[in-house]
Protein chains: 2
Amino acid sequence: MPTDTGRPPDMSLAGAVTIDDVRAAAALIDGVAHRTPVMTSRHLDRLAGCEILLKCENFQRTGSFKFRGAYCAIHGIRARGKSRGALAYSSGNHAQGVALAASMLGVPAVILMPVNAPRLKLEAAKNYLSKAPEGSEVVTFDPQTQIREELARQMAEERKLELLPGYDNLDVIAGQGTVALELHEEAGPLDRLYVCCGGGGLISGCSIATRAVADACEVIGVEPELGNDAVMSYKTGRLHTVRNPATIADGARTPYLGRYTFPMVKAFVQSMMSVQDEELVEAMRLCMERMKIVVEPTGVLALAGLLKDARESPESVEGKRIGVTISGGNIDLAKIGDYFRG
Amino acid sequence: MPTDTGRPPDMSLAGAVTIDDVRAAAALIDGVAHRTPVMTSRHLDRLAGCEILLKCENFQRTGSFKFRGAYCAIHGIRARGKSRGALAYSSGNHAQGVALAASMLGVPAVILMPVNAPRLKLEAAKNYLSKAPEGSEVVTFDPQTQIREELARQMAEERKLELLPGYDNLDVIAGQGTVALELHEEAGPLDRLYVCCGGGGLISGCSIATRAVADACEVIGVEPELGNDAVMSYKTGRLHTVRNPATIADGARTPYLGRYTFPMVKAFVQSMMSVQDEELVEAMRLCMERMKIVVEPTGVLALAGLLKDARESPESVEGKRIGVTISGGNIDLAKIGDYFRG
C-alpha cells in the first residue's frame with residue numbers, strides 16, 4: 001500500500017509468531033508435506049571455500065516451500081469456520097500451494113494471479129483447484145493496471161472469503177519456518193543460513209526458528225537488486241516499496257515487506273543483501289549443470305547471495321558450514337535456454 | 001565392425017562377468033562413486049498405475065553411470081601395468097567417466113570424441129583430463145568420415161595405450177552392474193527393471209546382477225527406435241548394425257552390441273523394446289517439470305519404455321513394483337528449450 005511507504009516497523013508484532021507456532025506447524029504438515037532433502041556438492045564447496053548444505057524445497061510438493069505455509073493457513077481458515085474459504089493472490093508458487101492445500105483439506109479457494117505469471121504456474125494452480133470444492137477458481141488480472149490487493153479485498157468481501165496473503169499471515173510464517181527447523185535438525189550446527197526474500201514470509205519463519213534452535217547461526221536475507229525494497233527497508237528502518245520490478249526472480253516481485261514480516265526481519269535477521277539477475281543465472285547454471293536439479297530464478301537467490309559473499313569477501317565464509325535455501329523449481333522448460341544463450 | 005553384422009552371439013562369453021565381479025566392483029567404487037538416490041514420484045506412479053523406483057544416476061559423479069565402469073576399468077589397467085594408460089572413444093559420458101577416473105587414479109588417458117558431441121560433454125572431459133598425468137588429452141574426429149574404432153586402434157598402438165571401449169569391456173560391465181546391485185539392495189523386491197540400452201554395458205551388468213540377487217525381477221532393455229540395432233539383434237539372434245542414427249539420445253548412437261554384451265543381453269534380459277524420440281521428450285518433461293531433476297535424452301530411455309508399456313499394455317505393469325534407471329543428466333542448458341517448444 002503506497003500510503004504505508006515510510007512507516008517504521010511495529011516492533012511489537014515481531015513476536016507474533018514463536019518457535020512453538022513453528023513446531024505446531026511442523027506437526028501439522030508431518031506426513032503431508034515432503035521432508036525435502038539436504039543436498040551437497042563437492043564442486044560448490046570448492047567454488048565457495050566452505051561447506052554448503054542446500055535445503056531443496058524445489059522438491060517440495062507443488063515445487064516450492066509455499067505449500068508449507070499455505071497448508072497451515074488453509075487449515076486455520078477451516079478450523080476457525082468464519083468464512084466460506086480462502087482468497088489468495090500470488091505470482092505463482094503461493095497459488096499452487098493454496099490450490100493443493102484447498103483440494104486436500106476440502107476448503108474452497110479463489111486465487112488471483114497476474115496474467116503474465118509463468119504458464120506452468122497458472123496451469124498447475126488451475127489443475128490443483130479442479131479437485132477443490134465448488135466455488136474454487138483462478139481469476140487473472142493485469143498487474144500493470146490493477147492493484148491486486150484492492151481487487152482481492154473486494155472479491156473477498158463479495159464472496160465471503162478470508163484473505164490469504166502469500167507472506168503477511170501468521171499461519172503462513174509459522175509454516176515456512178519449518179524449512180529452517182528441518183534443516184537445523186538434519187544439518188547440525190551451521191554458522192550461517194542464507195534465505196531468499198520476497199515479501200519476507202520464508203525468512204521471517206526461518207529466522208524465528210533459527211534464533212530458537214540454532215542461535216549461533218546468522219541469518220542473511222537475499223533479494224533481487226531490481227526489487228530491493230526489503231534491503232532498503234531493513235537498512236533504513238522505514239518501509240520501502242518497489243512495484244513490478246523487472247527482475248527474472250518472478251517470485252520476489254513483491255512490492256514491500258508486510259506488517260508482520262517487516263518487524264520480524266528487522267528483529268531476527270542479521271544482514272540483508274541483494275544480487276543481480278546475472279548472478280541468479282550463474283547460480284541456476286551451477287544447480288542445473290552440476291547438481292542436476294531444476295531451479296527457478298527466485299529459487300537460487302540465497303545461493304547467489306552466498307556465492308557473491310564468497311567472491312567479494314571470501315574470509316566471511318571460508319571454512320564455515322553454511323545453510324542455503326533453494327526455494328523452488330517451477331520454471332517453464334521451453335524458456336530455460338533463454339537464460340543461458342549467448 | 002560392419003564385417004561382423006549377421007554373426008550370432010558367442011554364448012560362451014555370456015558368463016564372462018559374474019555376480020562376484022559385480023560385487024568386487026561395488027567394493028572398489030565404495031566411497032569413490034556416489035551411492036545415488038532412489039527417487040519416487042506420486043505423479044509418475046499415478047500416471048503409470050504402478051510403483052516406480054528411479055535409480056538416479058544423473059546424480060552420479062560426472063553426471064552419469066559411466067563413471068562406475070570407467071573407474072573399474074582404469075583401475076584394472078593400472079593394476080595390470082602393461083600399457084602407458086587408456087585410450088577411450090565416446091560420444092560423451094564415457095569420456096567424462098574415463099577422464100575423472102584417470103585423474104583420480106593417476107593414469108594417463110587419451111579420449112577420442114566426435115566433433116559433434118555436446119559442448120558440455122567435450123568441455124567437461126577436457127576439464128577433468130587437465131588434472132590427469134602428462135600425455136592425457138581429448139582428440140576430436142568427424143564421425144561422418146572417420147570410423148572411430150579404426151582411429152582408436154591406430155592411436156592406441158602408436159602411443160602404447162590400452163583400448164578402453166565404452167561398453168564391451170569386462171571391468172566396465174562389472175562396474176555398471178553396481179547400479180542394479182544398489183537398487184535391489186535399497187528398493188527391495190521388484191517385479192521389473194527397465195534399463196536403457198546403447199552398446200549394452202549397463203544392461204549387461206544390471207541383468208547379471210539382477211539374475212543373481214533378484215531373480216524374480218524381469219529386465220527390460222529400452223533403445224531409441226532410430227537406433228534399434230540391439231532390439232533387432234536380440235530378436236533375430238544375429239548382430240544388427242545401425243550407424244549414426246539421428247536420435248536425440250546421443251548416448252545410444254552406438255552402432256551395435258559388443259562381443260560380450262550381445263551374448264549377455266541375449267542370456268540375461270527378458271525383453272527388448274524401443275521408443276520414439278517424442279516419447280523421450282515426454283519422459284524428460286515429466287522428470288524436469290514434475291520431479292525437478294535434470295535428465296538427458298538418453299537418460300530417460302528406460303522411463304519412456306515403462307511409460308509406453310503402461311500406455312499400450314497397462315495390465316503388464318499395473319500394481320507392480322518397477323525399477324527404472326535414469327542413466328544421466330548431461331544436457332546443454334541452452335538447448336533444453338528446443339525440446340519443449342511448439
# chains A, B, ... in the order shown; residues from 1 in each chain; ligands from 1
>>> residues_around(residues="A:Tyr256", least_positions_apart="6", cutoff="7 Å", atoms="only C-alpha atoms", output="PyMOL selection string")
chain A and resi 199+229-230+240-242
>>> residues_around(residues="stretch 102-113 of chain A", least_positions_apart="2", cutoff="7 Å", atoms="only C-alpha atoms", output="VMD selection string")
chain A and resid 74 78 84 to 92 95 98 to 100 115 117 128 to 129 131 to 141
>>> write_last_selection(atoms="N, CA and C atoms", output="compact mmCIF listing (two decimals), in the first residue's frame")
# COMPACT_ATOMS: atom_id res chain seq x y z
N ILE A 74 -4.64 -22.61 5.33
CA ILE A 74 -5.96 -23.15 4.92
C ILE A 74 -6.53 -23.98 6.08
N ARG A 78 -10.17 -23.25 7.92
CA ARG A 78 -11.19 -24.28 8.15
C ARG A 78 -11.49 -24.41 9.64
N ARG A 84 -16.32 -18.72 4.01
CA ARG A 84 -16.60 -19.85 3.11
C ARG A 84 -15.33 -20.53 2.61
N GLY A 85 -14.22 -19.77 2.69
CA GLY A 85 -12.98 -20.34 2.15
C GLY A 85 -11.90 -19.28 2.08
N ALA A 86 -10.94 -19.48 1.17
CA ALA A 86 -9.78 -18.59 1.10
C ALA A 86 -9.74 -17.81 -0.20
N LEU A 87 -9.25 -16.58 -0.13
CA LEU A 87 -8.94 -15.83 -1.33
C LEU A 87 -7.46 -15.46 -1.28
N ALA A 88 -6.71 -15.95 -2.26
CA ALA A 88 -5.27 -15.72 -2.27
C ALA A 88 -4.87 -14.96 -3.52
N TYR A 89 -3.80 -14.16 -3.42
CA TYR A 89 -3.22 -13.60 -4.63
C TYR A 89 -1.75 -13.98 -4.66
N SER A 90 -1.25 -14.21 -5.85
CA SER A 90 0.08 -14.78 -5.94
C SER A 90 0.62 -14.69 -7.35
N SER A 91 1.95 -14.51 -7.47
CA SER A 91 2.58 -14.57 -8.78
C SER A 91 2.79 -16.01 -9.21
N GLY A 92 2.45 -16.95 -8.35
CA GLY A 92 2.57 -18.32 -8.81
C GLY A 92 2.69 -19.41 -7.78
N ALA A 95 0.10 -19.58 -5.11
CA ALA A 95 -1.14 -20.03 -5.74
C ALA A 95 -1.21 -21.55 -5.79
N VAL A 98 -1.65 -22.97 -2.24
CA VAL A 98 -3.03 -22.78 -1.76
C VAL A 98 -3.97 -23.75 -2.49
N ALA A 99 -3.77 -23.89 -3.79
CA ALA A 99 -4.67 -24.73 -4.58
C ALA A 99 -4.58 -26.19 -4.12
N LEU A 100 -3.38 -26.68 -3.92
CA LEU A 100 -3.25 -28.08 -3.47
C LEU A 100 -3.79 -28.24 -2.05
N VAL A 115 -1.88 -12.00 -15.16
CA VAL A 115 -1.95 -12.66 -16.47
C VAL A 115 -0.59 -13.04 -17.01
N ALA A 117 1.86 -14.30 -15.29
CA ALA A 117 2.53 -15.33 -14.48
C ALA A 117 2.99 -16.45 -15.41
N TYR A 128 -4.70 -28.10 -9.82
CA TYR A 128 -4.94 -28.48 -8.43
C TYR A 128 -6.34 -28.07 -7.99
N LEU A 129 -6.75 -26.86 -8.38
CA LEU A 129 -8.06 -26.34 -7.94
C LEU A 129 -9.23 -27.14 -8.50
N LYS A 131 -9.75 -30.03 -8.22
CA LYS A 131 -10.18 -31.03 -7.24
C LYS A 131 -10.65 -30.38 -5.95
N ALA A 132 -10.67 -29.04 -5.89
CA ALA A 132 -11.12 -28.33 -4.68
C ALA A 132 -12.65 -28.15 -4.75
N PRO A 133 -13.28 -27.82 -3.61
CA PRO A 133 -14.74 -27.71 -3.58
C PRO A 133 -15.27 -26.64 -4.54
N GLU A 134 -16.57 -26.73 -4.84
CA GLU A 134 -17.24 -25.77 -5.72
C GLU A 134 -17.01 -24.33 -5.24
N GLY A 135 -16.94 -23.43 -6.20
CA GLY A 135 -16.66 -22.03 -5.87
C GLY A 135 -15.18 -21.71 -5.98
N SER A 136 -14.38 -22.75 -6.19
CA SER A 136 -12.93 -22.54 -6.33
C SER A 136 -12.61 -22.17 -7.78
N GLU A 137 -11.75 -21.18 -7.98
CA GLU A 137 -11.31 -20.84 -9.34
C GLU A 137 -10.08 -19.95 -9.34
N VAL A 138 -9.41 -19.92 -10.51
CA VAL A 138 -8.31 -18.98 -10.72
C VAL A 138 -8.87 -17.79 -11.48
N VAL A 139 -8.62 -16.56 -10.97
CA VAL A 139 -9.04 -15.33 -11.65
C VAL A 139 -7.78 -14.56 -12.01
N THR A 140 -7.63 -14.19 -13.28
CA THR A 140 -6.41 -13.45 -13.65
C THR A 140 -6.68 -11.94 -13.70
N PHE A 141 -5.62 -11.16 -13.48
CA PHE A 141 -5.73 -9.69 -13.53
C PHE A 141 -4.47 -9.13 -14.19
>>> select_by_dssp(residues="stretch 2-182 of chain B", states="alpha helix (DSSP H)", output="JSON, numbers by chain")
{"B": [19, 20, 21, 22, 23, 24, 25, 26, 27, 28, 29, 42, 43, 44, 45, 46, 47, 48, 66, 67, 68, 69, 70, 71, 72, 73, 74, 75, 76, 77, 78, 79, 80, 93, 94, 95, 96, 97, 98, 99, 100, 101, 102, 103, 104, 105, 119, 120, 121, 122, 123, 124, 125, 126, 127, 128, 129, 148, 149, 150, 151, 152, 153, 154, 155, 156, 157, 158, 159, 170, 171, 172, 173, 174, 175, 176, 177, 178, 179, 180, 181, 182]}
>>> write_last_selection(atoms="C-alpha atoms", output="PDB file, in the first residue's frame")
ATOM      1  CA  ILE B  19      27.966 -61.519  -9.698  1.00  0.00           C
ATOM      2  CA  ASP B  20      31.295 -61.873  -7.875  1.00  0.00           C
ATOM      3  CA  ASP B  21      32.830 -59.454 -10.360  1.00  0.00           C
ATOM      4  CA  VAL B  22      29.964 -57.023  -9.795  1.00  0.00           C
ATOM      5  CA  ARG B  23      30.404 -57.310  -6.021  1.00  0.00           C
ATOM      6  CA  ALA B  24      34.146 -56.709  -6.382  1.00  0.00           C
ATOM      7  CA  ALA B  25      33.389 -53.628  -8.467  1.00  0.00           C
ATOM      8  CA  ALA B  26      30.994 -52.424  -5.767  1.00  0.00           C
ATOM      9  CA  ALA B  27      33.755 -52.740  -3.160  1.00  0.00           C
ATOM     10  CA  LEU B  28      36.184 -50.901  -5.447  1.00  0.00           C
ATOM     11  CA  ILE B  29      33.946 -47.881  -6.021  1.00  0.00           C
ATOM     12  CA  ARG B  42       3.389 -39.687  -6.775  1.00  0.00           C
ATOM     13  CA  HIS B  43       2.564 -38.203 -10.162  1.00  0.00           C
ATOM     14  CA  LEU B  44       4.505 -40.820 -12.122  1.00  0.00           C
ATOM     15  CA  ASP B  45       3.001 -43.659 -10.093  1.00  0.00           C
ATOM     16  CA  ARG B  46      -0.496 -42.368 -10.794  1.00  0.00           C
ATOM     17  CA  LEU B  47       0.263 -41.907 -14.470  1.00  0.00           C
ATOM     18  CA  ALA B  48       1.665 -45.419 -14.945  1.00  0.00           C
ATOM     19  CA  LYS B  66      29.556 -44.258 -16.861  1.00  0.00           C
ATOM     20  CA  PHE B  67      31.917 -43.217 -14.077  1.00  0.00           C
ATOM     21  CA  ARG B  68      31.357 -46.561 -12.320  1.00  0.00           C
ATOM     22  CA  GLY B  69      32.618 -48.735 -15.154  1.00  0.00           C
ATOM     23  CA  ALA B  70      35.332 -46.301 -16.179  1.00  0.00           C
ATOM     24  CA  TYR B  71      36.784 -46.242 -12.682  1.00  0.00           C
ATOM     25  CA  CYS B  72      36.859 -50.048 -12.525  1.00  0.00           C
ATOM     26  CA  ALA B  73      38.464 -50.300 -15.950  1.00  0.00           C
ATOM     27  CA  ILE B  74      41.137 -47.653 -15.338  1.00  0.00           C
ATOM     28  CA  HIS B  75      41.892 -49.358 -12.044  1.00  0.00           C
ATOM     29  CA  GLY B  76      42.331 -52.630 -13.973  1.00  0.00           C
ATOM     30  CA  ILE B  77      44.698 -51.005 -16.490  1.00  0.00           C
ATOM     31  CA  ARG B  78      46.839 -49.614 -13.687  1.00  0.00           C
ATOM     32  CA  ALA B  79      46.852 -52.951 -11.853  1.00  0.00           C
ATOM     33  CA  ARG B  80      47.943 -54.865 -14.955  1.00  0.00           C
ATOM     34  CA  ASN B  93      29.562 -39.643 -20.870  1.00  0.00           C
ATOM     35  CA  HIS B  94      32.100 -42.463 -21.024  1.00  0.00           C
ATOM     36  CA  ALA B  95      34.659 -39.799 -21.874  1.00  0.00           C
ATOM     37  CA  GLN B  96      33.868 -37.862 -18.712  1.00  0.00           C
ATOM     38  CA  GLY B  97      33.917 -41.009 -16.611  1.00  0.00           C
ATOM     39  CA  VAL B  98      37.304 -42.038 -18.009  1.00  0.00           C
ATOM     40  CA  ALA B  99      38.692 -38.528 -17.639  1.00  0.00           C
ATOM     41  CA  LEU B 100      37.723 -38.232 -13.974  1.00  0.00           C
ATOM     42  CA  ALA B 101      38.846 -41.790 -13.155  1.00  0.00           C
ATOM     43  CA  ALA B 102      42.181 -41.208 -14.905  1.00  0.00           C
ATOM     44  CA  SER B 103      42.799 -38.045 -12.924  1.00  0.00           C
ATOM     45  CA  MET B 104      41.813 -39.747  -9.646  1.00  0.00           C
ATOM     46  CA  LEU B 105      43.926 -42.837 -10.247  1.00  0.00           C
ATOM     47  CA  ARG B 119      29.637 -28.914 -25.924  1.00  0.00           C
ATOM     48  CA  LEU B 120      29.079 -29.603 -22.234  1.00  0.00           C
ATOM     49  CA  LYS B 121      30.444 -33.129 -22.551  1.00  0.00           C
ATOM     50  CA  LEU B 122      33.504 -32.065 -24.564  1.00  0.00           C
ATOM     51  CA  GLU B 123      34.361 -29.321 -22.103  1.00  0.00           C
ATOM     52  CA  ALA B 124      33.831 -31.467 -19.042  1.00  0.00           C
ATOM     53  CA  ALA B 125      36.104 -34.213 -20.392  1.00  0.00           C
ATOM     54  CA  LYS B 126      38.852 -31.677 -21.163  1.00  0.00           C
ATOM     55  CA  ASN B 127      38.428 -30.148 -17.741  1.00  0.00           C
ATOM     56  CA  TYR B 128      38.757 -33.452 -15.875  1.00  0.00           C
ATOM     57  CA  LEU B 129      41.717 -34.512 -18.038  1.00  0.00           C
ATOM     58  CA  ARG B 148      36.320 -44.254 -34.504  1.00  0.00           C
ATOM     59  CA  GLU B 149      37.288 -47.854 -33.801  1.00  0.00           C
ATOM     60  CA  GLU B 150      39.950 -47.784 -36.522  1.00  0.00           C
ATOM     61  CA  LEU B 151      41.298 -44.439 -35.365  1.00  0.00           C
ATOM     62  CA  ALA B 152      41.335 -45.702 -31.807  1.00  0.00           C
ATOM     63  CA  ARG B 153      43.235 -48.881 -32.600  1.00  0.00           C
ATOM     64  CA  GLN B 154      45.813 -46.943 -34.569  1.00  0.00           C
ATOM     65  CA  MET B 155      46.384 -44.343 -31.847  1.00  0.00           C
ATOM     66  CA  ALA B 156      46.492 -46.971 -29.111  1.00  0.00           C
ATOM     67  CA  GLU B 157      49.246 -48.814 -30.914  1.00  0.00           C
ATOM     68  CA  GLU B 158      51.276 -45.675 -31.626  1.00  0.00           C
ATOM     69  CA  ARG B 159      51.032 -44.381 -28.061  1.00  0.00           C
ATOM     70  CA  LEU B 170      34.591 -56.830 -18.662  1.00  0.00           C
ATOM     71  CA  ASP B 171      35.631 -54.300 -15.988  1.00  0.00           C
ATOM     72  CA  VAL B 172      33.205 -51.754 -17.427  1.00  0.00           C
ATOM     73  CA  ILE B 173      30.327 -54.244 -17.435  1.00  0.00           C
ATOM     74  CA  ALA B 174      31.036 -55.297 -13.844  1.00  0.00           C
ATOM     75  CA  GLY B 175      31.167 -51.646 -12.773  1.00  0.00           C
ATOM     76  CA  GLN B 176      27.850 -50.771 -14.425  1.00  0.00           C
ATOM     77  CA  GLY B 177      26.265 -53.780 -12.712  1.00  0.00           C
ATOM     78  CA  THR B 178      26.632 -51.980  -9.374  1.00  0.00           C
ATOM     79  CA  VAL B 179      23.742 -49.713 -10.425  1.00  0.00           C
ATOM     80  CA  ALA B 180      21.304 -52.632 -10.191  1.00  0.00           C
ATOM     81  CA  LEU B 181      23.035 -54.099  -7.148  1.00  0.00           C
ATOM     82  CA  GLU B 182      22.471 -50.867  -5.211  1.00  0.00           C
TER      83      GLU B 182
END
>>> residues_around(residues="A:Gly328", least_positions_apart="5", cutoff="12 Å", atoms="only C-alpha atoms", output="JSON, numbers by chain")
{"A": [36, 54, 55, 56, 57, 58, 59, 60, 61, 62, 63, 64, 65, 66, 67, 92, 93, 94, 96, 97, 121, 196, 202, 249, 250, 251, 252, 284, 287, 293, 294, 295, 296, 297, 298, 299, 300, 301, 302], "B": [289, 290, 291, 292]}
>>> interface_residues(of="chain B", to="chain A", cutoff="6 Å", atoms="only C-alpha atoms", output="PDB file with all heavy atoms, in the first residue's frame")
ATOM      1  N   LYS B 292      11.709 -32.277 -10.920  1.00  0.00           N
ATOM      2  CA  LYS B 292      12.750 -31.260 -10.745  1.00  0.00           C
ATOM      3  C   LYS B 292      14.153 -31.838 -10.818  1.00  0.00           C
ATOM      4  O   LYS B 292      15.066 -31.366 -10.143  1.00  0.00           O
ATOM      5  CB  LYS B 292      12.571 -30.505  -9.411  1.00  0.00           C
ATOM      6  CG  LYS B 292      11.171 -29.997  -9.148  1.00  0.00           C
ATOM      7  CD  LYS B 292      10.680 -29.030 -10.211  1.00  0.00           C
ATOM      8  CE  LYS B 292       9.262 -28.573  -9.909  1.00  0.00           C
ATOM      9  NZ  LYS B 292       8.681 -27.834 -11.055  1.00  0.00           N
ATOM     10  N   ILE B 293      14.315 -32.875 -11.628  1.00  0.00           N
ATOM     11  CA  ILE B 293      15.663 -33.392 -11.849  1.00  0.00           C
ATOM     12  C   ILE B 293      16.029 -33.206 -13.317  1.00  0.00           C
ATOM     13  O   ILE B 293      15.200 -33.335 -14.202  1.00  0.00           O
ATOM     14  CB  ILE B 293      15.818 -34.870 -11.434  1.00  0.00           C
ATOM     15  CG1 ILE B 293      14.902 -35.803 -12.247  1.00  0.00           C
ATOM     16  CG2 ILE B 293      15.527 -35.042  -9.939  1.00  0.00           C
ATOM     17  CD1 ILE B 293      15.145 -37.286 -11.972  1.00  0.00           C
ATOM     18  N   VAL B 294      17.297 -32.841 -13.544  1.00  0.00           N
ATOM     19  CA  VAL B 294      17.780 -32.609 -14.901  1.00  0.00           C
ATOM     20  C   VAL B 294      18.211 -33.945 -15.504  1.00  0.00           C
ATOM     21  O   VAL B 294      18.973 -34.691 -14.887  1.00  0.00           O
ATOM     22  CB  VAL B 294      18.961 -31.617 -14.898  1.00  0.00           C
ATOM     23  CG1 VAL B 294      19.542 -31.462 -16.310  1.00  0.00           C
ATOM     24  CG2 VAL B 294      18.514 -30.260 -14.358  1.00  0.00           C
ATOM     25  N   LEU B 333      22.281 -26.715 -21.304  1.00  0.00           N
ATOM     26  CA  LEU B 333      21.156 -25.937 -20.791  1.00  0.00           C
ATOM     27  C   LEU B 333      20.580 -25.029 -21.864  1.00  0.00           C
ATOM     28  O   LEU B 333      19.363 -24.832 -21.953  1.00  0.00           O
ATOM     29  CB  LEU B 333      21.581 -25.098 -19.590  1.00  0.00           C
ATOM     30  CG  LEU B 333      22.060 -25.876 -18.365  1.00  0.00           C
ATOM     31  CD1 LEU B 333      22.385 -24.907 -17.237  1.00  0.00           C
ATOM     32  CD2 LEU B 333      21.027 -26.885 -17.909  1.00  0.00           C
ATOM     33  N   ALA B 334      21.441 -24.487 -22.707  1.00  0.00           N
ATOM     34  CA  ALA B 334      20.981 -23.558 -23.739  1.00  0.00           C
ATOM     35  C   ALA B 334      20.051 -24.246 -24.729  1.00  0.00           C
ATOM     36  O   ALA B 334      19.294 -23.597 -25.440  1.00  0.00           O
ATOM     37  CB  ALA B 334      22.176 -22.956 -24.471  1.00  0.00           C
ATOM     38  N   LYS B 335      20.093 -25.580 -24.771  1.00  0.00           N
ATOM     39  CA  LYS B 335      19.284 -26.296 -25.758  1.00  0.00           C
ATOM     40  C   LYS B 335      18.052 -26.974 -25.171  1.00  0.00           C
ATOM     41  O   LYS B 335      17.258 -27.564 -25.911  1.00  0.00           O
ATOM     42  CB  LYS B 335      20.155 -27.355 -26.455  1.00  0.00           C
ATOM     43  CG  LYS B 335      21.208 -26.726 -27.354  1.00  0.00           C
ATOM     44  CD  LYS B 335      21.942 -27.791 -28.155  1.00  0.00           C
ATOM     45  CE  LYS B 335      23.060 -27.152 -28.979  1.00  0.00           C
ATOM     46  NZ  LYS B 335      24.052 -28.146 -29.399  1.00  0.00           N
ATOM     47  N   ILE B 336      17.894 -26.926 -23.863  1.00  0.00           N
ATOM     48  CA  ILE B 336      16.754 -27.620 -23.245  1.00  0.00           C
ATOM     49  C   ILE B 336      15.442 -27.157 -23.856  1.00  0.00           C
ATOM     50  O   ILE B 336      14.573 -27.952 -24.196  1.00  0.00           O
ATOM     51  CB  ILE B 336      16.729 -27.397 -21.714  1.00  0.00           C
ATOM     52  CG1 ILE B 336      17.846 -28.204 -21.041  1.00  0.00           C
ATOM     53  CG2 ILE B 336      15.376 -27.824 -21.124  1.00  0.00           C
ATOM     54  CD1 ILE B 336      17.879 -28.089 -19.533  1.00  0.00           C
ATOM     55  N   GLY B 337      15.317 -25.833 -24.031  1.00  0.00           N
ATOM     56  CA  GLY B 337      14.075 -25.289 -24.550  1.00  0.00           C
ATOM     57  C   GLY B 337      13.705 -25.850 -25.912  1.00  0.00           C
ATOM     58  O   GLY B 337      12.530 -26.009 -26.236  1.00  0.00           O
ATOM     59  N   PHE B 340      11.237 -28.584 -26.033  1.00  0.00           N
ATOM     60  CA  PHE B 340       9.899 -28.384 -25.488  1.00  0.00           C
ATOM     61  C   PHE B 340       9.099 -27.287 -26.165  1.00  0.00           C
ATOM     62  O   PHE B 340       7.994 -26.982 -25.765  1.00  0.00           O
ATOM     63  CB  PHE B 340       9.990 -28.093 -23.989  1.00  0.00           C
ATOM     64  CG  PHE B 340      10.635 -29.211 -23.243  1.00  0.00           C
ATOM     65  CD1 PHE B 340      11.938 -29.114 -22.793  1.00  0.00           C
ATOM     66  CD2 PHE B 340       9.947 -30.395 -23.030  1.00  0.00           C
ATOM     67  CE1 PHE B 340      12.542 -30.164 -22.130  1.00  0.00           C
ATOM     68  CE2 PHE B 340      10.533 -31.447 -22.365  1.00  0.00           C
ATOM     69  CZ  PHE B 340      11.840 -31.326 -21.912  1.00  0.00           C
ATOM     70  N   ARG B 341       9.671 -26.662 -27.176  1.00  0.00           N
ATOM     71  CA  ARG B 341       8.953 -25.580 -27.846  1.00  0.00           C
ATOM     72  C   ARG B 341       7.978 -26.143 -28.856  1.00  0.00           C
ATOM     73  O   ARG B 341       8.236 -27.171 -29.468  1.00  0.00           O
ATOM     74  CB  ARG B 341       9.929 -24.641 -28.542  1.00  0.00           C
ATOM     75  CG  ARG B 341      10.002 -23.279 -27.870  1.00  0.00           C
ATOM     76  CD  ARG B 341      10.862 -22.325 -28.655  1.00  0.00           C
ATOM     77  NE  ARG B 341      12.262 -22.700 -28.633  1.00  0.00           N
ATOM     78  CZ  ARG B 341      13.107 -22.321 -27.669  1.00  0.00           C
ATOM     79  NH1 ARG B 341      12.694 -21.597 -26.658  1.00  0.00           N
ATOM     80  NH2 ARG B 341      14.368 -22.686 -27.719  1.00  0.00           N
TER      81      ARG B 341
END
>>> atom_distance(atom1="atom CA of A:Ile326", atom2="atom CA of A:Asp142")
28.8 Å
>>> closest_residue(among="A:Glu162, A:Asp309, A:Glu51, A:Glu278", to="A:Pro189", atoms="only C-alpha atoms")
A:Glu51
>>> atom_distance(atom1="atom CA of A:Leu307", atom2="atom CA of A:Leu286")
10.7 Å
>>> closest_residue(among="A:Ala310, A:Ser274, A:Ser204, A:Asp191", to="A:Asn228", atoms="only C-alpha atoms")
A:Ser274
>>> residues_around(residues="stretch 260-262 of chain B", least_positions_apart="6", cutoff="10 Å", atoms="only C-alpha atoms", output="PyMOL selection string")
chain B and resi 8-17+167-170+173+199-205+230+233-234+237-239
>>> write_last_selection(atoms="C-alpha atoms", output="PDB file, in the first residue's frame")
ATOM      1  CA  PRO B   8      25.249 -64.888 -33.837  1.00  0.00           C
ATOM      2  CA  PRO B   9      26.290 -64.163 -30.253  1.00  0.00           C
ATOM      3  CA  ASP B  10      29.085 -66.322 -28.845  1.00  0.00           C
ATOM      4  CA  MET B  11      27.104 -67.618 -25.895  1.00  0.00           C
ATOM      5  CA  SER B  12      30.219 -68.987 -24.223  1.00  0.00           C
ATOM      6  CA  LEU B  13      31.056 -65.369 -23.327  1.00  0.00           C
ATOM      7  CA  ALA B  14      27.772 -64.679 -21.508  1.00  0.00           C
ATOM      8  CA  GLY B  15      29.325 -65.795 -18.221  1.00  0.00           C
ATOM      9  CA  ALA B  16      32.499 -63.728 -18.611  1.00  0.00           C
ATOM     10  CA  VAL B  17      31.244 -61.376 -15.880  1.00  0.00           C
ATOM     11  CA  TYR B 167      30.786 -50.933 -23.066  1.00  0.00           C
ATOM     12  CA  ASP B 168      32.465 -54.037 -24.470  1.00  0.00           C
ATOM     13  CA  ASN B 169      34.918 -54.466 -21.604  1.00  0.00           C
ATOM     14  CA  LEU B 170      34.591 -56.830 -18.662  1.00  0.00           C
ATOM     15  CA  ILE B 173      30.327 -54.244 -17.435  1.00  0.00           C
ATOM     16  CA  GLY B 199      26.054 -50.633 -26.557  1.00  0.00           C
ATOM     17  CA  GLY B 200      24.722 -52.789 -23.750  1.00  0.00           C
ATOM     18  CA  GLY B 201      27.247 -52.238 -20.961  1.00  0.00           C
ATOM     19  CA  LEU B 202      24.738 -51.008 -18.390  1.00  0.00           C
ATOM     20  CA  ILE B 203      22.075 -53.556 -19.222  1.00  0.00           C
ATOM     21  CA  SER B 204      24.580 -56.429 -19.282  1.00  0.00           C
ATOM     22  CA  GLY B 205      25.908 -55.564 -15.833  1.00  0.00           C
ATOM     23  CA  ALA B 230      20.099 -54.113 -30.135  1.00  0.00           C
ATOM     24  CA  SER B 233      19.911 -58.294 -32.713  1.00  0.00           C
ATOM     25  CA  TYR B 234      18.074 -59.611 -29.651  1.00  0.00           C
ATOM     26  CA  GLY B 237      19.789 -63.675 -32.743  1.00  0.00           C
ATOM     27  CA  ARG B 238      22.073 -62.071 -35.358  1.00  0.00           C
ATOM     28  CA  LEU B 239      24.080 -58.895 -34.889  1.00  0.00           C
TER      29      LEU B 239
END
>>> select_by_dssp(residues="stretch 256-287 of chain A", states="strand (DSSP E)", output="list of chain:residue names")
A:Ser271, A:Met272, A:Met273, A:Ser274, A:Val275
